[in-house]
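File shown: model.pdb. Contents: PDB, C-alpha atoms.
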```pdb
ATOM      1  CA  MET A   1      -6.897 -24.887  -4.814
ATOM      2  CA  ASN A   2      -9.713 -22.741  -3.471
ATOM      3  CA  THR A   3     -10.708 -20.368  -6.269
ATOM      4  CA  ASN A   4     -13.429 -18.552  -4.357
ATOM      5  CA  ASN A   5     -11.743 -16.930  -1.383
ATOM      6  CA  TRP A   6     -11.348 -13.233  -0.546
ATOM      7  CA  MET A   7      -8.290 -12.832  -2.774
ATOM      8  CA  ARG A   8     -10.410 -13.488  -5.857
ATOM      9  CA  LYS A   9     -13.297 -11.194  -4.862
ATOM     10  CA  PHE A  10     -13.657  -7.917  -6.721
ATOM     11  CA  TRP A  11     -15.682  -5.647  -4.407
ATOM     12  CA  TRP A  12     -12.758  -4.473  -2.269
ATOM     13  CA  LYS A  13     -10.682  -3.829  -5.372
ATOM     14  CA  ALA A  14     -13.513  -1.683  -6.727
ATOM     15  CA  MET A  15     -13.457   0.181  -3.410
ATOM     16  CA  ALA A  16      -9.720   0.757  -3.851
ATOM     17  CA  ILE A  17     -10.328   2.223  -7.323
ATOM     18  CA  VAL A  18     -13.118   4.532  -6.104
ATOM     19  CA  LEU A  19     -11.122   5.760  -3.114
ATOM     20  CA  MET A  20      -8.033   6.320  -5.262
ATOM     21  CA  LEU A  21     -10.005   8.331  -7.833
ATOM     22  CA  PHE A  22     -11.351  10.431  -4.969
ATOM     23  CA  THR A  23      -7.837  10.881  -3.598
ATOM     24  CA  ILE A  24      -6.349  11.913  -6.932
ATOM     25  CA  VAL A  25      -9.075  14.423  -7.814
ATOM     26  CA  MET A  26      -9.774  15.884  -4.375
ATOM     27  CA  GLY A  27      -6.124  15.762  -3.376
ATOM     28  CA  MET A  28      -5.467  18.271  -6.131
ATOM     29  CA  LEU A  29      -8.635  20.349  -5.864
ATOM     30  CA  ALA A  30      -9.604  20.486  -2.195
ATOM     31  CA  THR A  31      -8.626  23.580  -0.264
ATOM     32  CA  VAL A  32      -5.563  23.266   1.956
ATOM     33  CA  PRO A  33      -4.196  25.542   4.681
ATOM     34  CA  THR A  34      -1.813  28.220   3.444
ATOM     35  CA  LEU A  35       1.448  27.653   5.278
ATOM     36  CA  PRO A  36       4.888  29.127   4.586
ATOM     37  CA  ILE A  37       7.685  26.807   3.342
ATOM     38  CA  LEU A  38       5.190  23.988   2.759
ATOM     39  CA  ASN A  39       3.045  25.943   0.270
ATOM     40  CA  GLU A  40       1.252  23.531  -2.065
ATOM     41  CA  THR A  41       3.540  20.655  -1.104
ATOM     42  CA  ILE A  42       1.207  20.122   1.838
ATOM     43  CA  ARG A  43      -0.806  18.059  -0.651
ATOM     44  CA  ASN A  44       1.915  15.422  -0.389
ATOM     45  CA  LEU A  45       0.094  14.445   2.789
ATOM     46  CA  TYR A  46      -2.328  12.545   0.543
ATOM     47  CA  TYR A  47       0.384  10.687  -1.362
ATOM     48  CA  HIS A  48       3.605  10.449   0.659
ATOM     49  CA  VAL A  49       2.167   9.823   4.127
ATOM     50  CA  PRO A  50      -0.236   7.027   3.053
ATOM     51  CA  MET A  51       2.822   5.192   1.689
ATOM     52  CA  TRP A  52       4.062   4.764   5.263
ATOM     53  CA  PHE A  53       0.622   4.099   6.708
ATOM     54  CA  GLY A  54       0.051   1.565   3.941
ATOM     55  CA  MET A  55       3.479   0.012   4.461
ATOM     56  CA  THR A  56       2.860  -0.418   8.193
ATOM     57  CA  LEU A  57      -0.563  -1.969   7.601
ATOM     58  CA  LEU A  58       0.656  -4.295   4.828
ATOM     59  CA  LEU A  59       3.596  -5.434   6.961
ATOM     60  CA  LEU A  60       1.165  -5.985   9.847
ATOM     61  CA  ILE A  61      -0.977  -8.236   7.635
ATOM     62  CA  GLY A  62       2.190 -10.061   6.531
ATOM     63  CA  MET A  63       3.208 -10.516  10.169
ATOM     64  CA  ILE A  64      -0.247 -11.874  11.058
ATOM     65  CA  TYR A  65       0.041 -14.380   8.195
ATOM     66  CA  SER A  66       3.451 -15.424   9.549
ATOM     67  CA  ILE A  67       1.837 -16.159  12.920
ATOM     68  CA  ARG A  68      -0.990 -18.000  11.179
ATOM     69  CA  PHE A  69       1.570 -20.064   9.248
ATOM     70  CA  LEU A  70       3.350 -21.086  12.443
ATOM     71  CA  ARG A  71       0.007 -22.168  13.927
ATOM     72  CA  SER A  72      -1.431 -23.912  10.855
ATOM     73  CA  GLY A  73       1.577 -24.992   8.784
ATOM     74  CA  LYS A  74      -0.338 -24.104   5.613
ATOM     75  CA  MET A  75       2.011 -23.061   2.826
ATOM     76  CA  ASP A  76      -0.579 -20.589   1.519
ATOM     77  CA  HIS A  77      -0.131 -18.576   4.706
ATOM     78  CA  ASP A  78       3.629 -18.468   4.195
ATOM     79  CA  ILE A  79       3.165 -17.294   0.601
ATOM     80  CA  LEU A  80       0.696 -14.594   1.693
ATOM     81  CA  ALA A  81       3.037 -13.410   4.460
ATOM     82  CA  ALA A  82       5.874 -12.972   1.971
ATOM     83  CA  ALA A  83       3.605 -11.325  -0.619
ATOM     84  CA  PHE A  84       2.219  -8.743   1.818
ATOM     85  CA  THR A  85       5.726  -8.025   3.085
ATOM     86  CA  LYS A  86       6.863  -7.548  -0.497
ATOM     87  CA  ALA A  87       4.044  -5.083  -1.207
ATOM     88  CA  GLY A  88       4.813  -3.299   2.061
ATOM     89  CA  VAL A  89       8.471  -2.906   1.113
ATOM     90  CA  LEU A  90       7.411  -1.598  -2.309
ATOM     91  CA  PHE A  91       5.360   1.068  -0.512
ATOM     92  CA  GLY A  92       8.309   1.801   1.773
ATOM     93  CA  ILE A  93      10.626   2.383  -1.182
ATOM     94  CA  CYS A  94       8.038   4.737  -2.710
ATOM     95  CA  GLY A  95       7.675   6.439   0.683
ATOM     96  CA  ILE A  96      11.389   7.054   1.145
ATOM     97  CA  THR A  97      11.820   8.256  -2.453
ATOM     98  CA  THR A  98       8.885  10.663  -2.282
ATOM     99  CA  GLY A  99      10.110  11.762   1.135
ATOM    100  CA  MET A 100      13.486  12.655  -0.390
ATOM    101  CA  VAL A 101      11.840  14.764  -3.086
ATOM    102  CA  TRP A 102       9.683  16.527  -0.503
ATOM    103  CA  ALA A 103      12.738  17.102   1.721
ATOM    104  CA  GLN A 104      14.648  18.677  -1.165
ATOM    105  CA  PHE A 105      12.016  21.377  -1.588
ATOM    106  CA  THR A 106      11.196  22.048   2.052
ATOM    107  CA  TRP A 107      14.336  21.170   4.044
ATOM    108  CA  GLY A 108      16.761  22.043   1.238
ATOM    109  CA  VAL A 109      18.497  18.705   0.611
ATOM    110  CA  PHE A 110      17.434  15.283  -0.557
ATOM    111  CA  TRP A 111      19.070  13.577   2.400
ATOM    112  CA  ASN A 112      20.129  15.530   5.483
ATOM    113  CA  ASN A 113      20.597  12.514   7.769
ATOM    114  CA  ASP A 114      17.464  13.423   9.656
ATOM    115  CA  PRO A 115      16.678  10.801  12.336
ATOM    116  CA  LYS A 116      13.406   9.998  10.600
ATOM    117  CA  GLU A 117      15.127   9.428   7.260
ATOM    118  CA  ASN A 118      17.857   7.271   8.756
ATOM    119  CA  ALA A 119      15.383   5.238  10.799
ATOM    120  CA  ALA A 120      13.236   4.655   7.717
ATOM    121  CA  ALA A 121      16.316   3.509   5.783
ATOM    122  CA  VAL A 122      17.278   1.110   8.610
ATOM    123  CA  GLY A 123      13.720  -0.241   8.675
ATOM    124  CA  LEU A 124      13.833  -0.903   4.945
ATOM    125  CA  LEU A 125      17.260  -2.568   5.169
ATOM    126  CA  LEU A 126      15.801  -4.853   7.843
ATOM    127  CA  TYR A 127      13.198  -6.071   5.371
ATOM    128  CA  PHE A 128      15.774  -6.432   2.590
ATOM    129  CA  ALA A 129      17.569  -8.754   5.014
ATOM    130  CA  TYR A 130      14.308 -10.663   5.411
ATOM    131  CA  PHE A 131      14.188 -11.390   1.687
ATOM    132  CA  VAL A 132      17.865 -12.317   1.559
ATOM    133  CA  LEU A 133      17.296 -14.731   4.440
ATOM    134  CA  ARG A 134      14.154 -16.146   2.885
ATOM    135  CA  ASN A 135      15.662 -16.759  -0.524
ATOM    136  CA  SER A 136      18.867 -18.253   0.833
ATOM    137  CA  ILE A 137      17.079 -21.355   2.151
ATOM    138  CA  ASP A 138      16.279 -23.959  -0.488
ATOM    139  CA  ASP A 139      14.179 -26.313   1.599
ATOM    140  CA  LEU A 140      10.599 -25.010   1.312
ATOM    141  CA  ASP A 141       9.401 -26.021   4.792
ATOM    142  CA  LYS A 142      12.495 -24.710   6.500
ATOM    143  CA  ARG A 143      12.325 -21.488   4.471
ATOM    144  CA  ALA A 144       8.720 -20.958   5.522
ATOM    145  CA  ARG A 145       9.400 -21.551   9.214
ATOM    146  CA  VAL A 146      12.588 -19.492   9.438
ATOM    147  CA  SER A 147      11.169 -16.569   7.495
ATOM    148  CA  ALA A 148       7.942 -16.608   9.527
ATOM    149  CA  VAL A 149       9.891 -16.290  12.775
ATOM    150  CA  ALA A 150      12.140 -13.619  11.237
ATOM    151  CA  ASN A 151       9.144 -11.674   9.938
ATOM    152  CA  ILE A 152       7.542 -11.530  13.392
ATOM    153  CA  ILE A 153      10.791 -10.387  15.013
ATOM    154  CA  PHE A 154      11.498  -7.823  12.270
ATOM    155  CA  TYR A 155       8.049  -6.301  12.588
ATOM    156  CA  PHE A 156       8.511  -5.653  16.287
ATOM    157  CA  ILE A 157      11.948  -4.152  15.628
ATOM    158  CA  PHE A 158      10.663  -2.109  12.708
ATOM    159  CA  ILE A 159       7.841  -0.357  14.606
ATOM    160  CA  PRO A 160      10.002   1.166  17.389
ATOM    161  CA  VAL A 161      12.774   2.023  14.920
ATOM    162  CA  ILE A 162      10.492   3.940  12.603
ATOM    163  CA  PHE A 163       8.019   5.457  15.077
ATOM    164  CA  ILE A 164       9.689   5.771  18.485
ATOM    165  CA  VAL A 165      13.428   6.293  17.947
ATOM    166  CA  PRO A 166      13.025   9.465  15.784
ATOM    167  CA  ARG A 167      10.793  10.981  18.476
ATOM    168  CA  LEU A 168      13.575  10.762  21.036
ATOM    169  CA  THR A 169      15.843  13.207  19.206
ATOM    170  CA  ASP A 170      15.516  16.406  17.217
ATOM    171  CA  SER A 171      14.009  15.907  13.820
ATOM    172  CA  LEU A 172      12.666  18.140  11.093
ATOM    173  CA  HIS A 173       9.973  15.612  10.278
ATOM    174  CA  PRO A 174       6.537  16.476  11.690
ATOM    175  CA  GLY A 175       5.564  14.383  14.666
ATOM    176  CA  ASN A 176       9.151  13.939  15.845
ATOM    177  CA  GLY A 177      11.578  15.564  18.227
ATOM    178  CA  GLY A 178       9.184  18.103  19.706
ATOM    179  CA  ASN A 179       7.679  19.041  16.366
ATOM    180  CA  PRO A 180       3.914  18.985  16.393
ATOM    181  CA  GLY A 181       2.585  15.899  14.610
ATOM    182  CA  PHE A 182      -0.101  16.516  12.091
ATOM    183  CA  ASN A 183      -1.711  18.828  14.625
ATOM    184  CA  ALA A 184      -0.419  21.958  12.889
ATOM    185  CA  TYR A 185      -2.487  21.291   9.816
ATOM    186  CA  ASP A 186      -4.374  18.101  10.472
ATOM    187  CA  LEU A 187      -6.901  20.039  12.524
ATOM    188  CA  ASP A 188      -8.087  21.254   9.160
ATOM    189  CA  SER A 189     -11.176  19.177   8.456
ATOM    190  CA  ASN A 190     -10.763  19.710   4.701
ATOM    191  CA  MET A 191      -7.515  17.771   4.797
ATOM    192  CA  ARG A 192      -8.856  14.968   6.945
ATOM    193  CA  MET A 193     -11.668  14.417   4.498
ATOM    194  CA  VAL A 194      -9.165  13.485   1.803
ATOM    195  CA  PHE A 195      -6.437  12.081   4.053
ATOM    196  CA  TYR A 196      -8.410   9.215   5.606
ATOM    197  CA  PRO A 197      -9.909   7.959   2.325
ATOM    198  CA  ALA A 198      -6.389   8.240   0.845
ATOM    199  CA  ILE A 199      -4.953   5.922   3.509
ATOM    200  CA  ILE A 200      -7.674   3.316   2.977
ATOM    201  CA  GLY A 201      -7.430   3.601  -0.812
ATOM    202  CA  TRP A 202      -3.658   3.241  -0.975
ATOM    203  CA  THR A 203      -3.667   0.342   1.494
ATOM    204  CA  LEU A 204      -6.331  -1.528  -0.469
ATOM    205  CA  LEU A 205      -4.338  -0.934  -3.664
ATOM    206  CA  GLY A 206      -1.279  -2.407  -1.924
ATOM    207  CA  ALA A 207      -3.326  -5.378  -0.753
ATOM    208  CA  TRP A 208      -4.481  -5.920  -4.336
ATOM    209  CA  ILE A 209      -0.875  -5.996  -5.550
ATOM    210  CA  ALA A 210       0.055  -8.325  -2.671
ATOM    211  CA  THR A 211      -2.712 -10.811  -3.509
ATOM    212  CA  LEU A 212      -1.643 -10.821  -7.170
ATOM    213  CA  ILE A 213       1.922 -11.675  -6.104
ATOM    214  CA  ALA A 214       0.606 -14.380  -3.772
ATOM    215  CA  ARG A 215      -1.671 -15.897  -6.410
ATOM    216  CA  VAL A 216       1.155 -16.181  -8.932
ATOM    217  CA  GLU A 217       3.236 -17.926  -6.256
ATOM    218  CA  ILE A 218       0.403 -20.294  -5.242
ATOM    219  CA  LEU A 219      -0.281 -21.103  -8.891
ATOM    220  CA  ASN A 220       3.401 -21.747  -9.501
ATOM    221  CA  ARG A 221       3.576 -24.146  -6.558
ATOM    222  CA  GLU A 222       0.342 -25.965  -7.469
ATOM    223  CA  PHE A 223       1.620 -26.305 -11.017
ATOM    224  CA  HIS A 224       4.801 -28.003  -9.844
ATOM    225  CA  PHE A 225       2.883 -30.312  -7.545
ATOM    226  CA  SER A 226       0.538 -31.329 -10.345
ATOM    227  CA  LEU A 227       3.528 -31.943 -12.629
ATOM    228  CA  ASN A 228       4.865 -34.374 -10.056
ATOM    229  CA  ASN A 229       1.403 -35.934  -9.897
ATOM    230  CA  PHE A 230       1.234 -35.095  -6.262
ATOM    231  CA  SER A 231      -2.190 -33.993  -5.110
ATOM    232  CA  ARG A 232      -2.290 -31.441  -2.333
ATOM    233  CA  GLU A 233      -5.884 -31.116  -1.253
TER
ATOM    234  CA  MET B   1     -20.911  -0.940  -0.633
ATOM    235  CA  LYS B   2     -23.643   1.468  -1.748
ATOM    236  CA  LYS B   3     -23.565   3.155   1.620
ATOM    237  CA  ILE B   4     -19.804   3.571   1.523
ATOM    238  CA  ILE B   5     -19.764   4.967  -2.015
ATOM    239  CA  SER B   6     -22.612   7.399  -1.364
ATOM    240  CA  PHE B   7     -20.848   8.493   1.820
ATOM    241  CA  PHE B   8     -17.796   9.609  -0.125
ATOM    242  CA  LEU B   9     -19.868  11.181  -2.896
ATOM    243  CA  LEU B  10     -21.616  13.281  -0.262
ATOM    244  CA  GLN B  11     -18.239  14.364   1.027
ATOM    245  CA  ILE B  12     -17.380  15.859  -2.356
ATOM    246  CA  ILE B  13     -20.485  18.062  -2.091
ATOM    247  CA  ALA B  14     -19.536  19.091   1.427
ATOM    248  CA  LEU B  15     -16.083  20.243   0.297
ATOM    249  CA  ASN B  16     -17.545  23.178  -1.649
ATOM    250  CA  VAL B  17     -18.859  24.637   1.583
ATOM    251  CA  PHE B  18     -15.319  25.188   2.798
ATOM    252  CA  ALA B  19     -14.136  26.783  -0.429
ATOM    253  CA  GLN B  20     -13.012  30.031   1.191
ATOM    254  CA  ARG B  21      -9.417  30.877   1.804
ATOM    255  CA  PRO B  22      -8.093  33.621   4.058
ATOM    256  CA  GLU B  23      -6.034  36.160   2.133
ATOM    257  CA  THR B  24      -2.380  35.824   2.995
ATOM    258  CA  ASN B  25       0.978  36.432   1.385
ATOM    259  CA  VAL B  26       1.783  32.740   1.244
ATOM    260  CA  ASP B  27       2.437  31.498  -2.286
ATOM    261  CA  MET B  28      -0.088  28.938  -3.367
ATOM    262  CA  ALA B  29      -0.846  27.683  -6.851
ATOM    263  CA  ASP B  30      -3.626  30.209  -7.264
ATOM    264  CA  VAL B  31      -2.529  31.229 -10.738
ATOM    265  CA  MET B  32      -2.429  27.644 -11.873
ATOM    266  CA  ARG B  33      -5.925  27.080 -10.590
ATOM    267  CA  SER B  34      -7.366  30.330 -11.932
ATOM    268  CA  ASN B  35      -6.074  29.366 -15.363
ATOM    269  CA  GLY B  36      -7.819  26.087 -14.909
ATOM    270  CA  LYS B  37      -4.541  24.284 -15.645
ATOM    271  CA  ILE B  38      -4.654  22.216 -12.462
ATOM    272  CA  TYR B  39      -7.163  20.080 -14.328
ATOM    273  CA  VAL B  40      -4.410  19.168 -16.777
ATOM    274  CA  VAL B  41      -2.455  17.684 -13.882
ATOM    275  CA  ILE B  42      -5.512  15.776 -12.713
ATOM    276  CA  ALA B  43      -6.066  14.455 -16.243
ATOM    277  CA  VAL B  44      -2.467  13.216 -16.393
ATOM    278  CA  LEU B  45      -2.747  11.586 -12.984
ATOM    279  CA  LEU B  46      -6.036   9.929 -13.878
ATOM    280  CA  THR B  47      -4.583   8.607 -17.137
ATOM    281  CA  ILE B  48      -1.659   7.036 -15.318
ATOM    282  CA  PHE B  49      -3.948   5.616 -12.663
ATOM    283  CA  ALA B  50      -6.325   4.206 -15.306
ATOM    284  CA  ALA B  51      -3.420   2.478 -17.034
ATOM    285  CA  LEU B  52      -2.278   1.054 -13.701
ATOM    286  CA  VAL B  53      -5.742  -0.275 -12.864
ATOM    287  CA  LEU B  54      -6.203  -1.752 -16.345
ATOM    288  CA  PHE B  55      -2.880  -3.530 -15.941
ATOM    289  CA  LEU B  56      -3.883  -4.928 -12.533
ATOM    290  CA  ILE B  57      -7.264  -6.088 -13.868
ATOM    291  CA  SER B  58      -5.643  -7.762 -16.892
ATOM    292  CA  GLN B  59      -3.314  -9.637 -14.539
ATOM    293  CA  GLU B  60      -6.383 -10.562 -12.506
ATOM    294  CA  TRP B  61      -8.084 -12.090 -15.545
ATOM    295  CA  ARG B  62      -4.961 -13.896 -16.638
ATOM    296  CA  LEU B  63      -4.511 -15.426 -13.210
ATOM    297  CA  LYS B  64      -8.178 -16.429 -13.054
ATOM    298  CA  ARG B  65      -7.847 -18.235 -16.402
ATOM    299  CA  MET B  66      -4.708 -20.053 -15.324
ATOM    300  CA  GLU B  67      -6.180 -21.038 -11.961
ATOM    301  CA  LYS B  68      -9.215 -22.484 -13.703
ATOM    302  CA  LYS B  69      -7.085 -24.374 -16.191
ATOM    303  CA  LEU B  70      -4.880 -25.852 -13.497
ATOM    304  CA  ASN B  71      -7.875 -26.899 -11.398
ATOM    305  CA  GLU B  72      -9.376 -28.687 -14.397
ATOM    306  CA  HIS B  73      -6.063 -30.351 -15.099
ATOM    307  CA  ILE B  74      -5.788 -31.586 -11.496
ATOM    308  CA  LEU B  75      -9.360 -32.913 -11.611
ATOM    309  CA  ASN B  76      -8.736 -34.698 -14.929
ATOM    310  CA  SER B  77      -5.539 -36.348 -13.746
ATOM    311  CA  LYS B  78      -7.313 -37.497 -10.574
ATOM    312  CA  ASN B  79     -10.092 -39.094 -12.639
ATOM    313  CA  ASN B  80      -7.613 -40.859 -14.905
ATOM    314  CA  GLN B  81      -5.794 -42.525 -12.062
TER
END
```

The structure in this file should be written as structure tokens.
Amino acid sequence: MNTNNWMRKFWWKAMAIVLMLFTIVMGMLATVPTLPILNETIRNLYYHVPMWFGMTLLLLIGMIYSIRFLRSGKMDHDILAAAFTKAGVLFGICGITTGMVWAQFTWGVFWNNDPKENAAAVGLLLYFAYFVLRNSIDDLDKRARVSAVANIIFYFIFIPVIFIVPRLTDSLHPGNGGNPGFNAYDLDSNMRMVFYPAIIGWTLLGAWIATLIARVEILNREFHFSLNNFSRE
Amino acid sequence: MKKIISFFLLQIIALNVFAQRPETNVDMADVMRSNGKIYVVIAVLLTIFAALVLFLISQEWRLKRMEKKLNEHILNSKNNQ
């Protein structure tokens, strides 16, 4: 087992902590545009939106590890793919929950079957199916191969479902159905200054969680191999 | 790293420059901020975040210990064979 790779390094985790502290403090204190209906909830841009950005990036990393597994056959890559997907889905659940709270206070209901909400729910269900599929196969090699292929397919279904389909119809969500994207308030340079660090910070935090999941899994597997007196390296 | 951190620290200074708000009738949490109570919210958030980070770091250390132990075990069993 390689104990000195990027997963065990601390500098990028320190960066996550610094960026998150910045996001928490400045997200509350920095000036924001005064807009009707949104009022102070516009600050959710620093917490709700990075959930989806982070989810997309974490799932992308998971998908890349699935491709790497198919090319290399290394079980570590399979474990990392599943771990990053898991962290991504965690972010997605947080994103949809926070989105519901935000919708309640700006659109009036927790769930109004908005195309964006429904598409996000479908996207999440897709990844729940991924984990059901993955855990239903007992043979480790077969599980790794099948779930790698499924992960790649699901990612390329997930992206259009969550980003393109809602844009084709009317939606209350910004950036969809003729609504201006972030343009209405993202032009504000005050918001950008917190928004971009927030995205990086949240994503790094998600990556940290993903590597912890992966390391537990790798350790678990190595432990079983060493019990069977079966050296891997 | 130093460059990145100092970059964001400089941004905090720059934010004060934009600390003007046009007067409108839109309800913002001005009262909360004038009372200074927004800092209570920040304190709560920072406490939760600190607990979260401490938890992650403790898991980190635990994993590191176990990884080391297992590596030593594998090495020992190889030498004994």

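Counting from CA of Lys64 in chain B, the distance to CA of Ala82 in chain A is 20.9 Å.
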
Chain A proximity check over B:Val26, B:Gln81, B:Thr47, B:Leu52, using all atoms listed in the file: winner is B:Val26

Write out as a PyMOL selection string every residue belonging to chain A that has an atom at most 6 Å from any atom of chain B, counting all atoms listed in the file.
chain A and resi 36+39-40

Centre and size of axis-aligned box enclosing range 56-73 of chain B plus 8 Å each side, as lines of an AutoDock Vina configuration file:
```
center_x = -6.3
center_y = -17.6
center_z = -14.1
size_x = 22.1
size_y = 41.4
size_z = 21.5
```

Evaluating the PyMOL selection byres ((chain A and resi 42) around 12) on the displayed file yields which residues, as number ranges by chain?
A: 27-28, 30-41, 43-49, 102-103, 105-106, 174, 182, 184-186, 188, 191, 195; B: 28-29

Shell around range 109-124 of chain A at 6 Å using only C-alpha atoms, local window under 2 positions removed, as a PyMOL selection string:
chain A and resi 100+103-104+107+126-127+158+161-162+166+171

Could the residues in this selection be saved with C-alpha atoms as a compact mmCIF listing (two decimals), keeping the file's coordinate frame?
```txt
# COMPACT_ATOMS: atom_id res chain seq x y z
CA MET A 100 13.49 12.66 -0.39
CA ALA A 103 12.74 17.10 1.72
CA GLN A 104 14.65 18.68 -1.16
CA TRP A 107 14.34 21.17 4.04
CA LEU A 126 15.80 -4.85 7.84
CA TYR A 127 13.20 -6.07 5.37
CA PHE A 158 10.66 -2.11 12.71
CA VAL A 161 12.77 2.02 14.92
CA ILE A 162 10.49 3.94 12.60
CA PRO A 166 13.02 9.46 15.78
CA SER A 171 14.01 15.91 13.82
```

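A straight line drawn from CA of Met7 in chain A to CA of Ile159 in chain A is 26.8 Å long.
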
Residues returned when the PyMOL selection byres ((chain A and resi 201-218) around 7) runs on this file, as JSON, numbers by chain:
{"A": [7, 13, 16, 19, 20, 50, 54, 58, 76, 79, 80, 83, 84, 87, 197, 198, 199, 200, 219, 220, 221, 222]}

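If you look at CA of Ser66 in chain A and CA of Ile93 in chain A, they are 22.0 Å away from each other.
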
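Residue nearest Lys74 in chain A within the list A:Met15, A:Val132, A:Leu140, A:Leu172: A:Leu140 [criterion: smallest interatomic distance, all atoms listed in the file].
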